[in-house]
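Since the structure comes first, as C-alpha cells, the remarks are kept for the end.
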Amino acid sequence: MARGNRLLWITSVAAAALAGSPDPGIARQSQAAVETPRQPAQSPKETRLARGKYLVEHVGICLYCHSEIDWKAPGFPQIEGAKGGGAVFPDKSVPGLVVSRNITPQALGDCTDEQIARAIREGSGCDGTRLFPVMPYHFFRAMSDDDVAAVVAYVRALPPVKRELPANKIPDEVWASLPPPESITAPVVAPARSDKAAYGRYLTTIGLCVECHTPVDQRGAPIPGLTFAGGRVFDGPWGRVAGANLTPDPSGIPYYDEALFRQVLHTCKVKARELNHIMPCEYFKGLTDEDVSAIFAFLRTLPPVAHDVSNIDDPTPCRRCGQPHGLGERNEPVPPAP
C-alpha cells in the first residue's frame with residue numbers, strides 16, 4: 001500500500017479458470033445403469049461471459065474499485081445498485097481526488113471493444129484521454145488477448161448504472177510526471193495451465209498481488225529487493241493496514257501450506273485470526289481450488305526476503321521500506337549494492 005505523490009495504487013490476490021461442464025458419464029442406481037442427464041453445452045458466447053465474470057469479480061477484482069463500497073459494513077460489501085458504477089478512491093495516500101470510472105453500459109456508450117481493451121491494458125480511455133495509473137493497466141498488460149476479450153464482454157453485460165461522479169483533481173505536476181502510454185503490438189498469450197508456477201505468476205500479476213504486497217518509495221515506485229515482501233501501507237476508512245510479506249523467509253509465510261493459503265483467500269482468516277477486509281477476500285473466495293493451487297505454487301518460487309511486517313503491533317519506523325508499520329523497528333536498511 002503507499003504514500004505521497006505515488007503514481008500507483010491498488011485497484012484491488014489471484015486467478016483465472018473456467019470450470020468445465022460436468023462429466024456426462026454413466027451413474028448406477030440399484031444395480032441398474034442410468035444415463036446421467038447431459039448438461040447443455042455452453043455456447044462460445046456463454047463461455048466467454050462466464051470467463052469474463054470470473055476474471056472481473058474474482059481475479060482482477062475490478063468491481064472492488066469500480067463500485068461504491070460500504071466501508072462501515074462487515075466485509076466491505078458493494079452498495080446495492082452501484083455495481084460497476086464508479087467511486088471516489090478513499091485512500092488518503094492518493095494524490096488529489098481520484099475517481100474510478102463507471103464501467104457499465106450506461107457509461108461505455110459507443111466505445112468499441114478494442115477501445116475498452118486498450119483502456120484496460122494500455123491506460124488510454126475511449127476518448128483518448130490518459131488514465132491515471134490508479135487504474136493498474138501496468139499489470140493488466142500481461143492479460144492475454146482471450147482474457148481481455150472476456151472481460152470486455154462481461155462489463156458490456158453489466159446492468160447499467162446511472163451515476164453522477166466528480167472529475168479527477170490531480171496536481172499538474174503529477175500528470176506531467178507520468179510516462180506516455182505504451183501500445184501493445186504483439187499477441188499476448190497466457191501460460192499453459194500445465195506449467196503451474198508460470199500460470200500462478202500470471203494470476204498474481206493480473207490479480208494485483210504484487211501491487212499490494214510490495215512497498216513503494218515516495219514517488220510510488222516499487223522498492224528494489226522488496227518484491228512481495230510486504231510493508232505497503234493503505235490508509236483509509238478501513239484503518240491503517242500494511243501488506244504482508246508473502247515470501248518464504250521466516251518473516252514471511254514459510255509455515256503456510258496450500259490448505260492454509262486457501263483458507264486465507266476464501267475466509268480472510270489465518271486460522272482463528274481475522275484479517276482486515278481491505279484484503280479483498282469477499283472477491284477471492286470465488287477463486288477455484290485449481291487457481292489457488294497455482295498461485296501458491298508460484299509464491300513458493302519467490303526468493304526469501306527478510307522484512308518483518310505486522311498489523312497487530314503498533315507502527316514503528318522501518319529502515320528497510322521507509323514506512324511505519326508493525327515490527328518496523330526490527331528491520332535493517334537494505335544493504336548497498338556491491
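Identifiers for the C-alpha cells are assigned positionally: chains receive A, B, ... in sequence, residues are indexed from 1 per chain, and ligands are indexed from 1 in the order shown.
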Quick one: pick out all strand (DSSP E) residues within range 60-257 of chain A from a backbone DSSP run and write them as a VMD selection string. chain A and resid 87 to 88 99 to 100 233 to 236 239 to 242
Could you name the residues that touch range 74-91 of chain A at 9 Å or less, counting only C-alpha atoms, but leaving out those on the same chain fewer than 5 positions away, as a compact mmCIF listing (two decimals) with C-alpha atoms, in the first residue's frame?
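What ended up in result-v3.txt:
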# COMPACT_ATOMS: atom_id res chain seq x y z
CA TRP A 9 -2.46 2.24 -6.13
CA CYS A 62 -12.35 -4.76 -10.93
CA LEU A 63 -15.61 -4.18 -9.05
CA TYR A 64 -13.76 -3.52 -5.79
CA CYS A 65 -12.52 -0.26 -7.28
CA HIS A 66 -15.32 0.48 -9.74
CA SER A 67 -18.22 0.16 -7.27
CA GLU A 68 -19.31 2.21 -4.28
CA ILE A 69 -18.31 0.29 -1.13
CA LEU A 97 -9.09 13.43 -5.96
CA VAL A 98 -9.04 10.20 -7.95
CA VAL A 99 -12.30 8.73 -9.25
CA SER A 100 -12.79 5.32 -10.84
CA ARG A 101 -14.99 5.40 -13.91
CA ASN A 102 -18.42 3.96 -14.49
CA ILE A 103 -17.75 0.76 -16.45
CA THR A 104 -21.36 -0.24 -17.04
CA GLN A 106 -24.59 3.36 -19.17
CA ALA A 107 -21.16 4.99 -19.49
CA VAL A 155 -18.60 -5.47 -18.50
CA LEU A 158 -23.40 -5.49 -16.50
CA PRO A 159 -26.68 -3.81 -15.51
CA PRO A 160 -26.47 -0.12 -16.45
CA VAL A 161 -25.82 2.25 -13.56
CA LYS A 162 -26.61 5.93 -13.92
CA ARG A 163 -24.47 7.91 -11.52
CA LEU A 165 -19.32 11.35 -10.34
CA PRO A 166 -16.90 14.23 -9.75
CA ASN A 168 -10.45 13.78 -11.16
CA PHE A 234 -3.01 1.71 2.90
CA ASP A 235 -4.71 4.39 4.99
CA GLY A 236 -8.46 4.93 4.69
CA PRO A 237 -11.86 4.12 6.19
CA TRP A 238 -10.71 0.53 6.76
CA ASN A 276 -8.73 -6.68 7.71
CA HIS A 277 -11.08 -6.96 4.73
CA ILE A 278 -9.10 -4.41 2.75
CA PRO A 280 -10.47 -8.48 -0.76
CA CYS A 281 -11.43 -11.98 0.39
CA GLU A 282 -15.08 -11.34 -0.49
Find the nearest atom pair between each residue of range 128-212 of chain A and range 239-243 of chain A for residues within 12 Å, count only C-alpha atoms, give distances in Å to one decimal, sort rows by chain and ascending number, and present the table as CSV.
residue,atom,partner,partner_atom,distance
A:Cys209,CA,A:Gly243,CA,9.6
A:Val210,CA,A:Gly243,CA,9.6
A:Glu211,CA,A:Gly243,CA,9.3
A:Cys212,CA,A:Gly243,CA,5.8
Writer output for current selection, N, CA and C atoms, as a PDB file, in the first residue's frame:
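File written: part.pdb
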ATOM      1  N   CYS A 209      -1.549  -8.924  -6.888  1.00  0.00           N
ATOM      2  CA  CYS A 209      -0.966  -9.283  -5.591  1.00  0.00           C
ATOM      3  C   CYS A 209       0.313  -8.503  -5.305  1.00  0.00           C
ATOM      4  N   VAL A 210       1.179  -8.393  -6.308  1.00  0.00           N
ATOM      5  CA  VAL A 210       2.447  -7.698  -6.090  1.00  0.00           C
ATOM      6  C   VAL A 210       2.211  -6.222  -5.813  1.00  0.00           C
ATOM      7  N   GLU A 211       1.117  -5.661  -6.333  1.00  0.00           N
ATOM      8  CA  GLU A 211       0.796  -4.249  -6.124  1.00  0.00           C
ATOM      9  C   GLU A 211       0.609  -3.940  -4.647  1.00  0.00           C
ATOM     10  N   CYS A 212      -0.078  -4.819  -3.944  1.00  0.00           N
ATOM     11  CA  CYS A 212      -0.390  -4.561  -2.530  1.00  0.00           C
ATOM     12  C   CYS A 212       0.681  -5.073  -1.580  1.00  0.00           C
TER      13      CYS A 212
END
Give me the residues within 8 Å of Thr214 in chain A as JSON, numbers by chain, counting only C-alpha atoms and dropping any in the same chain fewer than 3 places off. {"A": [1, 210, 211, 222, 223, 226, 227, 228, 229, 230, 231, 232, 243]}
Two-atom distance - CA of Ser124 in chain A, CA of Glu57 in chain A (Å):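 One can read the CA of Ser124 in chain A to CA of Glu57 in chain A distance as 22.2 Å.
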Could you pull out the helix (DSSP H, G or I) residues of range 18-253 of chain A, going by DSSP on the backbone, and write them as a ChimeraX atom specification? /A:44-59,62-65,105-108,113-122,137-140,145-156,172-177,196-206,209-212
Top pick for closest residue to Ile206 in chain A, considering A:Ser293, A:Thr267, A:Thr129, A:Ser144 and counting only C-alpha atoms: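 Looking only at the distances to Ile206 in chain A, the closest residue turns out to be A:Ser144.
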Identify which of the residues A:Val151, A:His58, A:Pro317, A:Arg219 lies closest to His266 in chain A, counting only C-alpha atoms when measuring atom-to-atom distances. A:His58
Write out as JSON, numbers by chain each polymer residue whose atoms come within 12 Å of Arg121 in chain A, counting only C-alpha atoms; drop sequence neighbours fewer than 3 positions from it. {"A": [114, 115, 116, 117, 118, 124, 125, 131, 133, 135, 136, 137, 138, 139, 140, 141, 142, 143, 144, 145, 147, 148, 149, 151, 152, 181, 182, 183, 184, 185, 188, 206]}
Write the selection just made, keeping N, CA and C atoms, as a JSON list (two decimals), in the first residue's frame?
[["chain", "number", "residue", "atom", "x", "y", "z"],
["A", 114, "GLU", "N", -12.30, -2.81, -28.90],
["A", 114, "GLU", "CA", -10.87, -2.53, -28.95],
["A", 114, "GLU", "C", -10.51, -1.35, -28.04],
["A", 115, "GLN", "N", -11.34, -0.33, -28.02],
["A", 115, "GLN", "CA", -11.07, 0.83, -27.16],
["A", 115, "GLN", "C", -11.13, 0.46, -25.68],
["A", 116, "ILE", "N", -12.09, -0.38, -25.32],
["A", 116, "ILE", "CA", -12.19, -0.81, -23.91],
["A", 116, "ILE", "C", -10.97, -1.65, -23.55],
["A", 117, "ALA", "N", -10.55, -2.53, -24.46],
["A", 117, "ALA", "CA", -9.36, -3.35, -24.21],
["A", 117, "ALA", "C", -8.13, -2.48, -24.03],
["A", 118, "ARG", "N", -8.02, -1.41, -24.81],
["A", 118, "ARG", "CA", -6.87, -0.50, -24.68],
["A", 118, "ARG", "C", -6.91, 0.22, -23.34],
["A", 124, "SER", "N", -5.37, 3.99, -21.93],
["A", 124, "SER", "CA", -5.87, 5.04, -22.82],
["A", 124, "SER", "C", -7.38, 4.94, -22.87],
["A", 125, "GLY", "N", -8.10, 5.98, -22.41],
["A", 125, "GLY", "CA", -9.55, 5.95, -22.37],
["A", 125, "GLY", "C", -10.17, 5.90, -23.75],
["A", 131, "LEU", "N", -5.44, 7.64, -18.71],
["A", 131, "LEU", "CA", -6.00, 7.20, -17.43],
["A", 131, "LEU", "C", -4.93, 7.30, -16.35],
["A", 133, "PRO", "N", -2.77, 6.16, -13.34],
["A", 133, "PRO", "CA", -2.35, 4.77, -13.07],
["A", 133, "PRO", "C", -2.81, 4.18, -11.75],
["A", 135, "MET", "N", -5.56, 3.10, -12.03],
["A", 135, "MET", "CA", -6.05, 2.01, -12.86],
["A", 135, "MET", "C", -4.82, 1.18, -13.22],
["A", 136, "PRO", "N", -4.73, -0.07, -12.77],
["A", 136, "PRO", "CA", -3.48, -0.83, -12.86],
["A", 136, "PRO", "C", -3.23, -1.47, -14.23],
["A", 137, "TYR", "N", -3.32, -0.65, -15.27],
["A", 137, "TYR", "CA", -3.07, -1.18, -16.61],
["A", 137, "TYR", "C", -1.64, -1.68, -16.77],
["A", 138, "HIS", "N", -0.73, -1.18, -15.93],
["A", 138, "HIS", "CA", 0.65, -1.64, -15.99],
["A", 138, "HIS", "C", 0.76, -3.11, -15.57],
["A", 139, "PHE", "N", -0.21, -3.63, -14.83],
["A", 139, "PHE", "CA", -0.27, -5.06, -14.54],
["A", 139, "PHE", "C", -1.17, -5.79, -15.53],
["A", 140, "PHE", "N", -2.27, -5.14, -15.91],
["A", 140, "PHE", "CA", -3.19, -5.78, -16.84],
["A", 140, "PHE", "C", -2.59, -5.94, -18.24],
["A", 141, "ARG", "N", -1.45, -5.30, -18.51],
["A", 141, "ARG", "CA", -0.77, -5.52, -19.80],
["A", 141, "ARG", "C", -0.47, -6.99, -20.01],
["A", 142, "ALA", "N", -0.31, -7.72, -18.90],
["A", 142, "ALA", "CA", 0.01, -9.15, -19.01],
["A", 142, "ALA", "C", -1.22, -9.99, -19.34],
["A", 143, "MET", "N", -2.42, -9.40, -19.28],
["A", 143, "MET", "CA", -3.64, -10.15, -19.53],
["A", 143, "MET", "C", -3.69, -10.61, -20.98],
["A", 144, "SER", "N", -3.99, -11.88, -21.18],
["A", 144, "SER", "CA", -4.00, -12.44, -22.53],
["A", 144, "SER", "C", -5.09, -11.82, -23.38],
["A", 145, "ASP", "N", -4.93, -11.93, -24.69],
["A", 145, "ASP", "CA", -5.93, -11.40, -25.62],
["A", 145, "ASP", "C", -7.29, -12.06, -25.38],
["A", 147, "ASP", "N", -8.40, -13.38, -22.57],
["A", 147, "ASP", "CA", -8.96, -12.96, -21.29],
["A", 147, "ASP", "C", -9.47, -11.53, -21.32],
["A", 148, "VAL", "N", -8.76, -10.63, -22.00],
["A", 148, "VAL", "CA", -9.25, -9.25, -22.05],
["A", 148, "VAL", "C", -10.53, -9.19, -22.88],
["A", 149, "ALA", "N", -10.65, -10.04, -23.90],
["A", 149, "ALA", "CA", -11.90, -10.08, -24.68],
["A", 149, "ALA", "C", -13.06, -10.56, -23.80],
["A", 151, "VAL", "N", -13.26, -10.15, -20.50],
["A", 151, "VAL", "CA", -13.56, -9.05, -19.57],
["A", 151, "VAL", "C", -14.44, -8.01, -20.27],
["A", 152, "VAL", "N", -14.08, -7.66, -21.49],
["A", 152, "VAL", "CA", -14.87, -6.67, -22.23],
["A", 152, "VAL", "C", -16.30, -7.16, -22.41],
["A", 181, "PRO", "N", 1.72, 6.47, -22.62],
["A", 181, "PRO", "CA", 1.18, 5.12, -22.76],
["A", 181, "PRO", "C", 1.95, 4.31, -23.79],
["A", 182, "GLU", "N", 2.02, 3.02, -23.57],
["A", 182, "GLU", "CA", 2.71, 2.12, -24.50],
["A", 182, "GLU", "C", 1.70, 1.19, -25.15],
["A", 183, "SER", "N", 1.67, 1.16, -26.45],
["A", 183, "SER", "CA", 0.74, 0.30, -27.17],
["A", 183, "SER", "C", 1.21, -1.15, -27.12],
["A", 184, "ILE", "N", 0.25, -2.05, -27.12],
["A", 184, "ILE", "CA", 0.54, -3.48, -27.22],
["A", 184, "ILE", "C", 0.45, -3.84, -28.69],
["A", 185, "THR", "N", 1.54, -4.28, -29.27],
["A", 185, "THR", "CA", 1.59, -4.51, -30.71],
["A", 185, "THR", "C", 1.75, -5.97, -31.09],
["A", 188, "VAL", "N", -0.76, -11.42, -26.99],
["A", 188, "VAL", "CA", -0.48, -11.76, -25.60],
["A", 188, "VAL", "C", -1.20, -13.07, -25.29],
["A", 206, "ILE", "N", -2.21, -10.37, -12.87],
["A", 206, "ILE", "CA", -3.47, -9.73, -13.21],
["A", 206, "ILE", "C", -4.40, -9.65, -11.99]]
Selected residue, from A:Tyr202, A:Phe132, A:Tyr154, A:Phe298, that lies nearest to Trp175 in chain A when counting only C-alpha atoms: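 Looking at the shortest contact to Trp175 in chain A, the residue is A:Phe132.
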One number please: CA of Ile61 in chain A to CA of Val134 in chain A, in Å, one decimal.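 A separation of 13.5 Å between them.
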Residue contacts of range 304-315 of chain A (12 Å, only C-alpha atoms) excluding same-chain residues fewer than 3 positions away, as a PyMOL selection string: chain A and resi 213-215+224-234+239-254+273-276+299-301+318-335
Please compute the CA of Val264 in chain A-CA of Ile295 in chain A distance, one decimal, in Å.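 Between these atoms lies a distance of 12.7 Å.
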